[in-house]
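Right, one structure below, let's go through it.
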Amino acid sequence: MQDMFVRSKGPRVVILITTNQVDDTLCYSVGSAHLSGLPVVVVGYKMRYRGFLSKFDFVTRAIENAELKPEDVIIAMDSGTIFTGADLNPFLDRFIAESAASPEELDALAVRQGRAMAPVLISAEAGCWTPNIYETEITCKMGYESAYQQVREYAAAHPEHELSLPFDLSPRRHLNAGSVIARVWAYKELIAHKNKLMRMQKARYYAKYGWYCDQSIYAALYLDLIAWEVKRDVFSMPMDERQAARSCYGVRAGLYGIEYNGELSALHTIALTHLSELHDENWREYLRVYGLGLTHSQELTDLKGMKRFVDDLYKRAYTAHGENIYTRLAVPRWVGGKTATRETRITLTPPLLALKPKLIDTVNNNAICRTFPVVYHIADLEQNFTKVQKMGLTSFGLRWFVPIVHDPKAKLRAMQYLASAPWFLSTHNAIIKGFYHAKCGFPFEKAIQQAEDH
């Protein structure tokens, strides 16, 4: 089933969404992926769910079902993930070029200098939640800071290694397990490290439940790794010794990293809306007037303000340039669940939903480059909103969503595309293919109504 791959040549790339049930959240997530031009595989379908750690089993089984090779790339995400329509390819090109395709290629010094990417790269967040190893958010942040301080001190003592300190350049300083991109060989090693950690060490908190939180396991392995790297002075070792060195859990130096920039994935909660914004920098060429005295950004805390901002921006751009503001993204044409020779096209507007610039970017820099994440992970923290409601509110400025709210023809094209799109499901022993529409229909009507009502 080559259709399930984002890339089917070179190292193959596949996006895996982890859940064992089909619900409104999953339908919204997969639909947003299709309308962003990305195929996905739902992993864990009809498999037994035993808590957060089931995600490791779901992904491992999917790797086996898809017969992935060690150098192939997986992008594993929770079902509460919304695809923004941002182009995945620039980030993916860099990951493939800069991450080790095999264990022998892993250069830990290059990873920690920022010249290479770790072959297991975990998304980041500003909050801190690791209930198996730290009791509170405050002690969690203190635990990260303790490890980071060890790295800082080592970097200062060994300037010859030119270590980068990316955690000091981002408000998102802690890992979030909602999105992980990895080489297959490295992910398999992660599973072995996870199992060894659980055998060697008891969970510090909630011990009667054992290790139950995948994010705690990622954090325990990552923080132990970066502290071990500097304690053992692995960066001063010859290359062959450095590659042979292992932490107490059997982890290679440089294996794990955090994607501090948020280019692939960012966390979105109501409490963290202040870290994101709608910004019109990518619309500039379509606006007759762009400069001082105009509002170029909109906070996400004001839903009515978001609607006014998007509506006004769309009208100004469309009045000046008509349908030239659209990107017509070529996607496969599906007939009877199979790809036809001709392509179809879905409609995208320029990106709007961005992470706010880091403070360091705003100092003496008039050419700030914002980050427009490929996905937003919607955390299940606020009790007054369902995930689907939060996904709908997050959609207001998305590239595929703006056209279907404002242009009936774009909405019709989106509906027609989803009506023929496939549905890939990884079970305990196979990957099966069905029809997205049969399970989900068109799941965006309520979100569209929200955008029109506010």
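Identifiers in this document derive from the order of the structure tokens: chains are assigned A, B, ..., residues are numbered from 1 separately in each chain, and ligands are numbered from 1 in order of occurrence.
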Give me every strand (DSSP E or B) residue in region 253-419 of chain A, going by DSSP on the backbone, as a short mmCIF file (atom, residue, chain, number, x, y, z; two decimals) with N, CA and C atoms, in the first residue's frame.
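Now in part05.cif:
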data_model
loop_
_atom_site.label_atom_id
_atom_site.label_comp_id
_atom_site.auth_asym_id
_atom_site.auth_seq_id
_atom_site.Cartn_x
_atom_site.Cartn_y
_atom_site.Cartn_z
N TYR A 256 18.61 10.89 21.54
CA TYR A 256 17.36 11.60 21.78
C TYR A 256 17.56 13.11 21.71
N GLY A 257 16.55 13.79 21.19
CA GLY A 257 16.56 15.24 21.17
C GLY A 257 15.15 15.78 21.30
N ILE A 258 15.06 17.07 21.54
CA ILE A 258 13.77 17.76 21.63
C ILE A 258 13.70 18.80 20.52
N GLU A 259 12.55 18.88 19.86
CA GLU A 259 12.36 19.83 18.77
C GLU A 259 11.89 21.16 19.35
N SER A 265 5.79 20.39 15.34
CA SER A 265 4.63 20.26 16.22
C SER A 265 4.70 21.25 17.36
N ALA A 266 3.54 21.77 17.73
CA ALA A 266 3.44 22.64 18.90
C ALA A 266 2.23 22.20 19.72
N LEU A 267 2.30 22.45 21.01
CA LEU A 267 1.19 22.12 21.91
C LEU A 267 0.25 23.30 22.00
N HIS A 268 -1.05 23.01 21.95
CA HIS A 268 -2.04 24.08 22.08
C HIS A 268 -3.01 23.73 23.20
N SER A 276 0.98 31.49 20.96
CA SER A 276 0.69 31.44 19.52
C SER A 276 -0.10 32.67 19.12
N GLU A 277 -0.21 32.90 17.83
CA GLU A 277 -0.95 34.04 17.32
C GLU A 277 -1.32 33.79 15.85
N LEU A 278 -2.25 34.58 15.36
CA LEU A 278 -2.48 34.65 13.92
C LEU A 278 -1.64 35.81 13.40
N HIS A 279 -0.85 35.56 12.37
CA HIS A 279 0.00 36.63 11.83
C HIS A 279 -0.03 36.59 10.31
N SER A 297 -1.19 41.08 13.56
CA SER A 297 -1.33 39.86 14.34
C SER A 297 -2.58 39.92 15.20
N GLN A 298 -3.02 38.75 15.66
CA GLN A 298 -4.22 38.65 16.46
C GLN A 298 -4.00 37.59 17.54
N GLU A 299 -4.31 37.95 18.78
CA GLU A 299 -4.21 36.99 19.88
C GLU A 299 -5.29 35.92 19.75
N THR A 327 -3.31 28.56 -2.98
CA THR A 327 -2.40 27.53 -3.47
C THR A 327 -3.24 26.32 -3.82
N ARG A 328 -3.11 25.82 -5.04
CA ARG A 328 -3.84 24.62 -5.46
C ARG A 328 -2.90 23.43 -5.26
N LEU A 329 -3.08 22.74 -4.15
CA LEU A 329 -2.19 21.64 -3.80
C LEU A 329 -2.61 20.37 -4.52
N ALA A 330 -1.70 19.81 -5.30
CA ALA A 330 -1.99 18.57 -6.03
C ALA A 330 -1.99 17.39 -5.07
N VAL A 331 -3.05 16.62 -5.10
CA VAL A 331 -3.19 15.42 -4.27
C VAL A 331 -3.72 14.29 -5.15
N PRO A 332 -3.57 13.04 -4.73
CA PRO A 332 -4.06 11.93 -5.55
C PRO A 332 -5.57 12.00 -5.76
N ARG A 333 -6.01 11.59 -6.93
CA ARG A 333 -7.43 11.44 -7.18
C ARG A 333 -7.79 9.98 -6.89
N TRP A 334 -8.80 9.78 -6.04
CA TRP A 334 -9.18 8.44 -5.62
C TRP A 334 -10.44 7.99 -6.35
N VAL A 335 -10.38 6.82 -6.91
CA VAL A 335 -11.54 6.22 -7.56
C VAL A 335 -11.66 4.79 -7.06
N LYS A 338 -8.72 3.50 -5.08
CA LYS A 338 -7.44 3.40 -5.75
C LYS A 338 -7.09 4.74 -6.38
N THR A 339 -5.79 4.99 -6.53
CA THR A 339 -5.37 6.24 -7.15
C THR A 339 -5.56 6.18 -8.66
N ALA A 340 -6.11 7.26 -9.19
CA ALA A 340 -6.28 7.38 -10.64
C ALA A 340 -5.05 8.06 -11.23
N THR A 341 -4.96 8.05 -12.54
CA THR A 341 -3.80 8.65 -13.20
C THR A 341 -3.78 10.16 -13.05
N ARG A 342 -4.95 10.77 -13.05
CA ARG A 342 -5.03 12.23 -12.91
C ARG A 342 -4.99 12.62 -11.44
N GLU A 343 -4.54 13.85 -11.19
CA GLU A 343 -4.54 14.39 -9.84
C GLU A 343 -5.75 15.29 -9.64
N THR A 344 -6.07 15.56 -8.40
CA THR A 344 -7.04 16.60 -8.08
C THR A 344 -6.31 17.64 -7.24
N ARG A 345 -6.98 18.74 -6.95
CA ARG A 345 -6.32 19.80 -6.20
C ARG A 345 -7.22 20.30 -5.08
N ILE A 346 -6.60 20.55 -3.93
CA ILE A 346 -7.32 21.13 -2.81
C ILE A 346 -6.82 22.55 -2.60
N THR A 347 -7.65 23.35 -1.96
CA THR A 347 -7.42 24.79 -1.86
C THR A 347 -6.83 25.17 -0.51
N LEU A 348 -5.74 25.92 -0.55
CA LEU A 348 -5.09 26.42 0.66
C LEU A 348 -4.88 27.92 0.54
N LEU A 353 -1.54 30.63 11.38
CA LEU A 353 -1.34 30.23 12.77
C LEU A 353 0.15 30.00 13.04
N ALA A 354 0.70 30.82 13.93
CA ALA A 354 2.15 30.82 14.14
C ALA A 354 2.49 30.81 15.62
N LEU A 355 3.68 30.33 15.92
CA LEU A 355 4.25 30.53 17.24
C LEU A 355 4.81 31.94 17.32
N THR A 371 7.62 30.86 13.13
CA THR A 371 7.45 29.43 12.89
C THR A 371 5.98 29.12 12.74
N VAL A 375 1.75 20.75 12.68
CA VAL A 375 0.61 20.26 13.45
C VAL A 375 0.57 20.97 14.79
N TYR A 376 -0.63 21.02 15.35
CA TYR A 376 -0.82 21.43 16.73
C TYR A 376 -1.39 20.23 17.48
N HIS A 377 -0.76 19.92 18.60
CA HIS A 377 -1.24 18.84 19.47
C HIS A 377 -2.19 19.46 20.48
N ILE A 378 -3.43 18.99 20.49
CA ILE A 378 -4.45 19.53 21.39
C ILE A 378 -4.47 18.71 22.66
#
key: Contact residues around region 62-71 of chain A with only C-alpha atoms at 6 Å, ignoring same-chain residues under 5 positions, as an MDAnalysis selection string   = chainID A and resid 11 101 183:185 426 430
message = So, with only C-alpha atoms as the atoms that count, which of A:Leu169, A:Ala244, A:Leu26, A:Val42 lies closest to Lys433 (chain A)?
response =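 Of the candidates, the smallest distance to Lys433 (chain A) is held by A:Val42.
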task = Find the residues around Asn89 (chain A) up to 10 Å (only C-alpha atoms counted), leave out those fewer than 3 positions away in its own chain, and share them as a PyMOL selection string.
result = chain A and resi 6-7+86+92-95+374
How about saving the chosen residues, C-alpha atoms kept, as a compact mmCIF listing (two decimals), in the first residue's frame?
# COMPACT_ATOMS: atom_id res chain seq x y z
CA VAL A 6 4.11 10.54 2.74
CA ARG A 7 7.20 9.50 0.77
CA ALA A 86 1.84 24.06 6.60
CA LEU A 92 11.33 16.50 6.56
CA ASP A 93 14.14 17.21 4.10
CA ARG A 94 16.32 18.44 6.95
CA PHE A 95 15.50 15.51 9.20
CA VAL A 374 2.85 21.56 10.66
message = Please list as a ChimeraX atom specification every residue within 8 Å of Pro351 (chain A), counting only C-alpha atoms and excluding residues in the same chain fewer than 3 positions away.
response = /A:85-86,280,282-283,354,372,397-399
Take the residues from that selection and put them in a file with C-alpha atoms, as an mmCIF file, in the first residue's frame.
data_model
loop_
_atom_site.group_PDB
_atom_site.id
_atom_site.type_symbol
_atom_site.label_atom_id
_atom_site.label_comp_id
_atom_site.auth_asym_id
_atom_site.auth_seq_id
_atom_site.Cartn_x
_atom_site.Cartn_y
_atom_site.Cartn_z
ATOM 1 C CA GLY A 85 -1.734 22.830 6.123
ATOM 2 C CA ALA A 86 1.843 24.057 6.605
ATOM 3 C CA ASP A 280 -0.340 37.890 8.254
ATOM 4 C CA ASN A 282 2.653 35.306 4.461
ATOM 5 C CA TRP A 283 -0.291 37.328 3.115
ATOM 6 C CA ALA A 354 2.154 30.823 14.143
ATOM 7 C CA PHE A 372 4.252 28.021 11.395
ATOM 8 C CA GLY A 397 -6.658 30.443 10.850
ATOM 9 C CA LEU A 398 -5.631 27.156 9.233
ATOM 10 C CA ARG A 399 -4.672 27.048 5.554
#
request  = Quick one: pick out all helix (DSSP H, G or I) residues within region 122-308 of chain A from a backbone DSSP run and write them as a PyMOL selection string.
outcome  = chain A and resi 137-157+159-161+166-169+184-200+207-209+214-231+234-236+239-244+270-275+281-286+303-308
message = Just want the 12 Å neighbourhood of Glu145 (chain A), counted on only C-alpha atoms, with same-chain residues fewer than 6 positions away dropped. Output as a list of chain:residue names.
response =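 Surrounding residues, per the criterion: A:Cys128, A:Ile138, A:Thr139, A:Val151, A:Arg152, A:Phe167, A:Asp168, A:Arg173, A:His174, A:Leu223, A:Ile226, A:Ala227.
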Residues within 12 Å of Cys213 (chain A), only C-alpha atoms, excluding chain neighbours under 3 positions, as a PyMOL selection string = chain A and resi 50-56+129-134+176-178+194+198+203-207+209-210+216-220
For C-alpha atoms, I'd like the residues from the last selection saved as a tab-separated table (two decimals), in the first residue's frame.
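again25.tsv, freshly written:
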chain	number	residue	atom	x	y	z
A	50	ARG	CA	-3.85	-0.42	28.44
A	51	GLY	CA	-3.16	3.25	29.02
A	52	PHE	CA	-0.60	5.68	27.61
A	53	LEU	CA	2.07	3.01	27.19
A	54	SER	CA	-0.14	1.27	24.63
A	55	LYS	CA	1.08	3.85	22.14
A	56	PHE	CA	4.47	2.14	22.09
A	129	TRP	CA	4.12	17.13	33.08
A	130	THR	CA	5.93	13.93	34.04
A	131	PRO	CA	3.80	12.36	36.81
A	132	ASN	CA	5.94	9.24	37.23
A	133	ILE	CA	9.17	11.12	37.99
A	134	TYR	CA	8.13	14.56	39.29
A	176	ASN	CA	5.81	16.56	24.99
A	177	ALA	CA	5.09	13.02	23.82
A	178	GLY	CA	2.24	14.08	21.53
A	194	LYS	CA	11.94	1.89	27.76
A	198	MET	CA	10.92	-0.07	33.64
A	203	ALA	CA	8.27	4.92	39.14
A	204	ARG	CA	9.03	7.61	41.71
A	205	TYR	CA	5.39	8.68	41.96
A	206	TYR	CA	2.17	6.72	41.54
A	207	ALA	CA	4.33	3.67	42.16
A	209	TYR	CA	0.32	1.92	39.18
A	210	GLY	CA	3.86	1.39	37.93
A	216	SER	CA	7.47	10.39	31.90
A	217	ILE	CA	9.44	7.60	30.23
A	218	TYR	CA	10.64	9.88	27.42
A	219	ALA	CA	11.66	12.52	29.98
A	220	ALA	CA	13.45	10.03	32.24
Selection: 7 Å around Asn20 (chain A), only C-alpha atoms, excl. self and same-chain fewer than 5 positions, as a ChimeraX atom specification = /A:44-47,49
query = Of the candidates A:Phe424, A:Met391, A:Gly293, A:Asp107, which one gets nearest to Glu241 (chain A) if we count only C-alpha atoms?
reply =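 Answer, going by the shortest atom-to-atom distance: A:Asp107.
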